Amino acid sequence: MVSVVDAWPLIGRAEELRLINTAVAGAEGSGGVVIAGPPGVGKSRLAHEAITHISPGRWASRWARATASARVLPLGAFAEWTGDPAQDPMLVVRGVLDLLTTAPSGTKVVVGVDDAHLLDDLSSFVVHQLVHRKLAKVVVTIRTGEPTSDAVTALWKDELLQRVDLQPLSESETVDLITTVLGDRIEHASAQKLWTFTRGNVLYLRHLLEQEVASNRLTEHQGTWEWTGQPVVSPGLADLIDTQIGALPDLVGVVLDLLAVGEPLPEQMLADLTDPDSVETAHAAGLITVEDSGHHPVRLAHPLYGEARRAKATPLRLKRLRSRLATTLASRPDAGPRDLIRRAVLTLESDLTHDPALFTAAATAALSLFDAGLAERLAAAAIASGAGYEAQLTRSMALALVSRGREAGDVAAQILTMDLTDEQNLELVCHRLGYLLWVRGRPELADAILLDARKSDPSPMHASLTACHAIVCAYEARPIEATAAARSALQSAHLVDIGAVLALGALLLALGDLGRADQIPPIANRTYGLLAHSPRVSALRLLFSEFHTGGLRLAGDVHEADATTARVCREVVDVPGWVQTMSCLLMGRAALGAGRLTETRNWLEPRFTSFTRLTGYIPKVWCCALTQAQALSGDPAAATETLRILDAVHGAVPFLEPEHLSTRAWVAAAGGALTPAIELAHQGAEQAAAHHQYAQEVVCLHTATRFGDSTTAHRLRELAEQVDGPRAPAAALHATSLAAGDADGLLDASHQFEDMGDLLSAVDAAAHAATTHRRHGRNGSAITAVTRARRLADTCDSARTPALTEALQPSPLTARQREIITLAAQGLSNKQIAEKMTLSVRTIEGHLYRASLKTGLAGRDDLGGTITGK
């Protein structure tokens, strides 16, 4: 539960606080400061913080607050210091000034005045006199956009006080404040939603946080807070916003209400629906913003203004406003998919007759803009209004994208009962294959559907069914067959869009696995072009970007993969929902490939708990990346737990099996079990080789090399002759140099890995060079190599790998002895160690005995200290 305190922590205001303190206590010629800003940004809190913490004992602080109700009273803000109000006003003013500035000898006075724009004339005069006569330092706050008296305005216009314009908190500052208040981190998408609704307004944020926690919509799970649903504006928050907006003329209220149900709106349309003067009045009051682009789109100045206006309006009024806007939009020339979607949503929530054709077209448009949730809603409305196949297929696709695979299957089953054309049947087969593979992880069902479709295979359908066969082959780790089928399908003139996308996706996966990365760029360009121009399938862009960048990373084109990921994710940065989940996956995988371990965990860990109930490709690839990042960060406990969840994820993804085994190897290595780790890496390599996944075989064999295995050189040299990209040659050089004890070759490999952007591999090659130099007695060269390894590891957020650990902690022990001691230090018995390493208990005892002789240490704890450094 959020701890509700009188004063929230002051986040993101260090610079402003320094300026205020300097103006009050540090600058000889300064009379103080005016803090200006919109309502709710924290002006009062900042002013109060500044004057109450300024050298206690040397300064006496006074605090006055102006209010609208006190404004009707002379000196209402200073009533606490006012004597007999019946006296001559100037005598009363003099008395107020004397009382405000009376302080013990040697003590200075600072006066804070909150909401000075609400001061009555005499109170304004008092403030002006305090500053003009230098009787005290003054800190006043004013609300921007509000009229102020001449005396208050003169404070900064005549440069008597320094003006500080306080802006809302930035997004990062808002997240810092949220995590500080909640006491734990907040899930990335939830933080973005809170920022979107509050836009750095601390007052709104406080109301919203307390309300959402109390309503159990903002909840904590395993150290991470997650916000589900949309905010419901409480009466208290609505009243607060109403108070800050102020009393409005009726037509200005209509301006806000129209925007509340349909923003953004073109300025001219809004003026036609209300009147130009009302729009100008709302703009002058800071309630709306008008952009300079296009038709001058108008928006509410703050998202919660719309929430508050909708909360105050009756359902009937909201329906009428939406009807009015929808009708106006329908009478205008078509301005593109966004206006189509907005008209459909307004119509859906209005009292207008529902139009199935409008809803169907808008659902497809929403899908093309990645809003699968809205697409599903509009498609459902279209179906309820009598729409048929198009709406049903769009709804099933939208459900699949938001990981509601079973519902997607139910809708697809309903479509099967309809009277479909051959092309519609084909589209449905392609769609069902897609969600069975990527969402459900059921390739055997996909095979059955494809087999059934081929029984009635009229010639126009043949190419698209071949494309379906290609994607199934790629998924099932049959890249040679997938490549042949995909190229055959793409030569046909009868390929429907979704079939073409599946064929291209199969090529991206298969070519990446085969190690034919040089052929990927034209395929990727063709894929992105088709996705951009086909609304029905454009929502697959992020998934296919994962296929594309995955192939690039396998080849060692890490920089290109990083740049591609950043570009694709920038394009959807403002799109809510499932797209942000996919963006987090893409960014996390890219960060891991480049060795940015903390960034990887920041992208993947906050959303991780939501995947424990999902199936198929996304949770498996997510878990693999996160597990590796945790293991490489030296966090074996977290890696072991994530691996447990990975093993429990339902759904088969055969082409990921080598990566799964490699991930298990990293967890074993992080726990000190290098022999099982090397064995797991070889199992991954054997799995990859058996399925012609040569690029994945390179990665697995190189993983074993990084663990110190010197048996991989021959096969890696063979692969370097047939696999495209810089990774295979660098891995072969690393393995060959390790086997030969060639430290210079290891450093050359390290530089090759660094050049390609794989800094983690560069760390291990440099660490192996350091260890090799040391074994040959070249201590100076060893120090140089270990310095390089440490620098690279620091760049990777202090990565911890077995090779680096050995380089940093040299000892007379062999690698096998170090491994056994590491396991013994974890509390494993000799029998357990023997079982883990598939050795005899006597062999384990012998290694421990010889380690004791070399180090002069006998106890397990003492021996363990030679490894852990404790």
# chains A, B, ... in the order shown; residues from 1 in each chain; ligands from 1
>>> residues_around(residues="Ala68 in chain A", least_positions_apart="6", cutoff="10 Å", atoms="only C-alpha atoms", output="PyMOL selection string")
chain A and resi 76-77+115+117-120
>>> residues_around(residues="Asp98 in chain A", least_positions_apart="4", cutoff="12 Å", atoms="only C-alpha atoms", output="list in words")
Trp81, Thr82, Gly83, Leu91, Val92, Val93, Arg94, Thr102, Ala103, Val109, Val126, Gln129, Leu130, Leu135 and Ala136 of chain A
>>> write_last_selection(atoms="N, CA and C atoms", output="PDB file, in the first residue's frame")
ATOM      1  N   TRP A  81      -1.490  38.396  10.650  1.00  0.00           N
ATOM      2  CA  TRP A  81      -0.629  39.479  11.135  1.00  0.00           C
ATOM      3  C   TRP A  81      -1.361  40.825  11.160  1.00  0.00           C
ATOM      4  N   THR A  82      -2.686  40.807  10.961  1.00  0.00           N
ATOM      5  CA  THR A  82      -3.469  42.037  10.891  1.00  0.00           C
ATOM      6  C   THR A  82      -4.028  42.375  12.267  1.00  0.00           C
ATOM      7  N   GLY A  83      -3.873  43.631  12.651  1.00  0.00           N
ATOM      8  CA  GLY A  83      -4.428  44.079  13.930  1.00  0.00           C
ATOM      9  C   GLY A  83      -5.873  44.500  13.771  1.00  0.00           C
ATOM     10  N   LEU A  91      -2.114  52.376   8.202  1.00  0.00           N
ATOM     11  CA  LEU A  91      -1.604  51.987   9.511  1.00  0.00           C
ATOM     12  C   LEU A  91      -1.643  50.462   9.666  1.00  0.00           C
ATOM     13  N   VAL A  92      -2.708  49.854   9.155  1.00  0.00           N
ATOM     14  CA  VAL A  92      -2.813  48.394   9.216  1.00  0.00           C
ATOM     15  C   VAL A  92      -1.690  47.753   8.401  1.00  0.00           C
ATOM     16  N   VAL A  93      -1.415  48.296   7.206  1.00  0.00           N
ATOM     17  CA  VAL A  93      -0.350  47.775   6.358  1.00  0.00           C
ATOM     18  C   VAL A  93       0.991  47.876   7.076  1.00  0.00           C
ATOM     19  N   ARG A  94       1.206  49.056   7.724  1.00  0.00           N
ATOM     20  CA  ARG A  94       2.465  49.240   8.448  1.00  0.00           C
ATOM     21  C   ARG A  94       2.608  48.214   9.563  1.00  0.00           C
ATOM     22  N   THR A 102       9.567  41.406  12.097  1.00  0.00           N
ATOM     23  CA  THR A 102      10.166  41.384  13.435  1.00  0.00           C
ATOM     24  C   THR A 102      10.810  40.021  13.683  1.00  0.00           C
ATOM     25  N   ALA A 103      12.077  40.054  14.086  1.00  0.00           N
ATOM     26  CA  ALA A 103      12.820  38.817  14.338  1.00  0.00           C
ATOM     27  C   ALA A 103      13.946  39.106  15.318  1.00  0.00           C
ATOM     28  N   VAL A 109      14.694  37.563   7.741  1.00  0.00           N
ATOM     29  CA  VAL A 109      13.324  37.087   7.528  1.00  0.00           C
ATOM     30  C   VAL A 109      13.118  36.746   6.052  1.00  0.00           C
ATOM     31  N   VAL A 126       1.482  44.970   0.238  1.00  0.00           N
ATOM     32  CA  VAL A 126       2.376  44.516   1.307  1.00  0.00           C
ATOM     33  C   VAL A 126       3.564  43.757   0.710  1.00  0.00           C
ATOM     34  N   GLN A 129       5.935  46.093  -1.010  1.00  0.00           N
ATOM     35  CA  GLN A 129       6.709  46.880  -0.059  1.00  0.00           C
ATOM     36  C   GLN A 129       7.819  46.050   0.583  1.00  0.00           C
ATOM     37  N   LEU A 130       7.526  44.798   0.903  1.00  0.00           N
ATOM     38  CA  LEU A 130       8.551  43.922   1.480  1.00  0.00           C
ATOM     39  C   LEU A 130       9.767  43.833   0.563  1.00  0.00           C
ATOM     40  N   LEU A 135      12.777  44.788   3.120  1.00  0.00           N
ATOM     41  CA  LEU A 135      12.498  44.453   4.519  1.00  0.00           C
ATOM     42  C   LEU A 135      12.687  42.963   4.779  1.00  0.00           C
ATOM     43  N   ALA A 136      12.534  42.146   3.744  1.00  0.00           N
ATOM     44  CA  ALA A 136      12.679  40.696   3.878  1.00  0.00           C
ATOM     45  C   ALA A 136      12.904  40.108   2.489  1.00  0.00           C
TER      46      ALA A 136
END
>>> atom_distance(atom1="CA of His53 in chain A", atom2="CA of Ser172 in chain A")
26.1 Å
>>> closest_residue(among="A:Val572, A:Ala47, A:Ala36, A:Ala590", to="Thr549 in chain A", atoms="only C-alpha atoms")
A:Ala590
>>> residues_around(residues="Gln628 in chain A", least_positions_apart="3", cutoff="8 Å", atoms="only C-alpha atoms", output="VMD selection string")
chain A and resid 624 to 625 631 to 632 639 663 666 to 667
>>> select_by_dssp(residues="range 333-561 of chain A", states="alpha helix (DSSP H)", output="number ranges by chain")
A: 337-348, 356-368, 372-384, 389-401, 405-416, 422-438, 443-455, 459-475, 479-490, 497-514, 520-533, 541-555, 558-561
>>> atom_distance(atom1="CA of Leu738 in chain A", atom2="CA of Asp764 in chain A")
10.9 Å
>>> closest_residue(among="A:Leu542, A:Ala677, A:Ala594, A:Leu399", to="Ala762 in chain A", atoms="only C-alpha atoms")
A:Ala594
>>> decode(residues="range 63-79 of chain A", atoms="N, CA and C atoms", output="PDB file, in the first residue's frame")
ATOM      1  N   TRP A  63       4.817  32.298   6.310  1.00  0.00           N
ATOM      2  CA  TRP A  63       4.132  31.660   5.181  1.00  0.00           C
ATOM      3  C   TRP A  63       2.701  32.166   5.101  1.00  0.00           C
ATOM      4  N   ALA A  64       2.349  32.784   3.969  1.00  0.00           N
ATOM      5  CA  ALA A  64       0.987  33.277   3.744  1.00  0.00           C
ATOM      6  C   ALA A  64       0.439  32.638   2.487  1.00  0.00           C
ATOM      7  N   ARG A  65      -0.865  32.356   2.494  1.00  0.00           N
ATOM      8  CA  ARG A  65      -1.476  31.699   1.342  1.00  0.00           C
ATOM      9  C   ARG A  65      -2.707  32.483   0.905  1.00  0.00           C
ATOM     10  N   ALA A  66      -2.694  32.895  -0.352  1.00  0.00           N
ATOM     11  CA  ALA A  66      -3.842  33.613  -0.897  1.00  0.00           C
ATOM     12  C   ALA A  66      -4.876  32.614  -1.394  1.00  0.00           C
ATOM     13  N   THR A  67      -6.160  32.959  -1.225  1.00  0.00           N
ATOM     14  CA  THR A  67      -7.257  32.114  -1.715  1.00  0.00           C
ATOM     15  C   THR A  67      -8.310  32.996  -2.371  1.00  0.00           C
ATOM     16  N   ALA A  68      -9.124  32.374  -3.185  1.00  0.00           N
ATOM     17  CA  ALA A  68     -10.188  33.134  -3.856  1.00  0.00           C
ATOM     18  C   ALA A  68     -11.167  33.697  -2.842  1.00  0.00           C
ATOM     19  N   SER A  69     -11.468  32.950  -1.765  1.00  0.00           N
ATOM     20  CA  SER A  69     -12.430  33.427  -0.768  1.00  0.00           C
ATOM     21  C   SER A  69     -11.872  34.579   0.053  1.00  0.00           C
ATOM     22  N   ALA A  70     -10.554  34.533   0.357  1.00  0.00           N
ATOM     23  CA  ALA A  70      -9.950  35.606   1.157  1.00  0.00           C
ATOM     24  C   ALA A  70      -9.695  36.852   0.333  1.00  0.00           C
ATOM     25  N   ARG A  71      -9.792  36.718  -0.992  1.00  0.00           N
ATOM     26  CA  ARG A  71      -9.480  37.846  -1.869  1.00  0.00           C
ATOM     27  C   ARG A  71     -10.447  39.008  -1.675  1.00  0.00           C
ATOM     28  N   VAL A  72     -11.662  38.717  -1.218  1.00  0.00           N
ATOM     29  CA  VAL A  72     -12.660  39.780  -1.042  1.00  0.00           C
ATOM     30  C   VAL A  72     -12.393  40.594   0.213  1.00  0.00           C
ATOM     31  N   LEU A  73     -11.451  40.147   1.068  1.00  0.00           N
ATOM     32  CA  LEU A  73     -11.146  40.840   2.318  1.00  0.00           C
ATOM     33  C   LEU A  73      -9.843  41.613   2.170  1.00  0.00           C
ATOM     34  N   PRO A  74      -9.791  42.858   2.572  1.00  0.00           N
ATOM     35  CA  PRO A  74      -8.525  43.584   2.552  1.00  0.00           C
ATOM     36  C   PRO A  74      -7.493  42.867   3.430  1.00  0.00           C
ATOM     37  N   LEU A  75      -6.307  42.674   2.889  1.00  0.00           N
ATOM     38  CA  LEU A  75      -5.232  41.958   3.592  1.00  0.00           C
ATOM     39  C   LEU A  75      -5.654  40.553   4.015  1.00  0.00           C
ATOM     40  N   GLY A  76      -6.518  39.920   3.209  1.00  0.00           N
ATOM     41  CA  GLY A  76      -7.018  38.593   3.561  1.00  0.00           C
ATOM     42  C   GLY A  76      -5.926  37.556   3.682  1.00  0.00           C
ATOM     43  N   ALA A  77      -4.900  37.627   2.839  1.00  0.00           N
ATOM     44  CA  ALA A  77      -3.824  36.647   2.887  1.00  0.00           C
ATOM     45  C   ALA A  77      -2.961  36.807   4.128  1.00  0.00           C
ATOM     46  N   PHE A  78      -2.997  38.042   4.741  1.00  0.00           N
ATOM     47  CA  PHE A  78      -2.153  38.327   5.910  1.00  0.00           C
ATOM     48  C   PHE A  78      -2.987  38.541   7.166  1.00  0.00           C
ATOM     49  N   ALA A  79      -4.143  37.872   7.201  1.00  0.00           N
ATOM     50  CA  ALA A  79      -5.048  38.056   8.343  1.00  0.00           C
ATOM     51  C   ALA A  79      -4.367  37.700   9.662  1.00  0.00           C
TER      52      ALA A  79
END
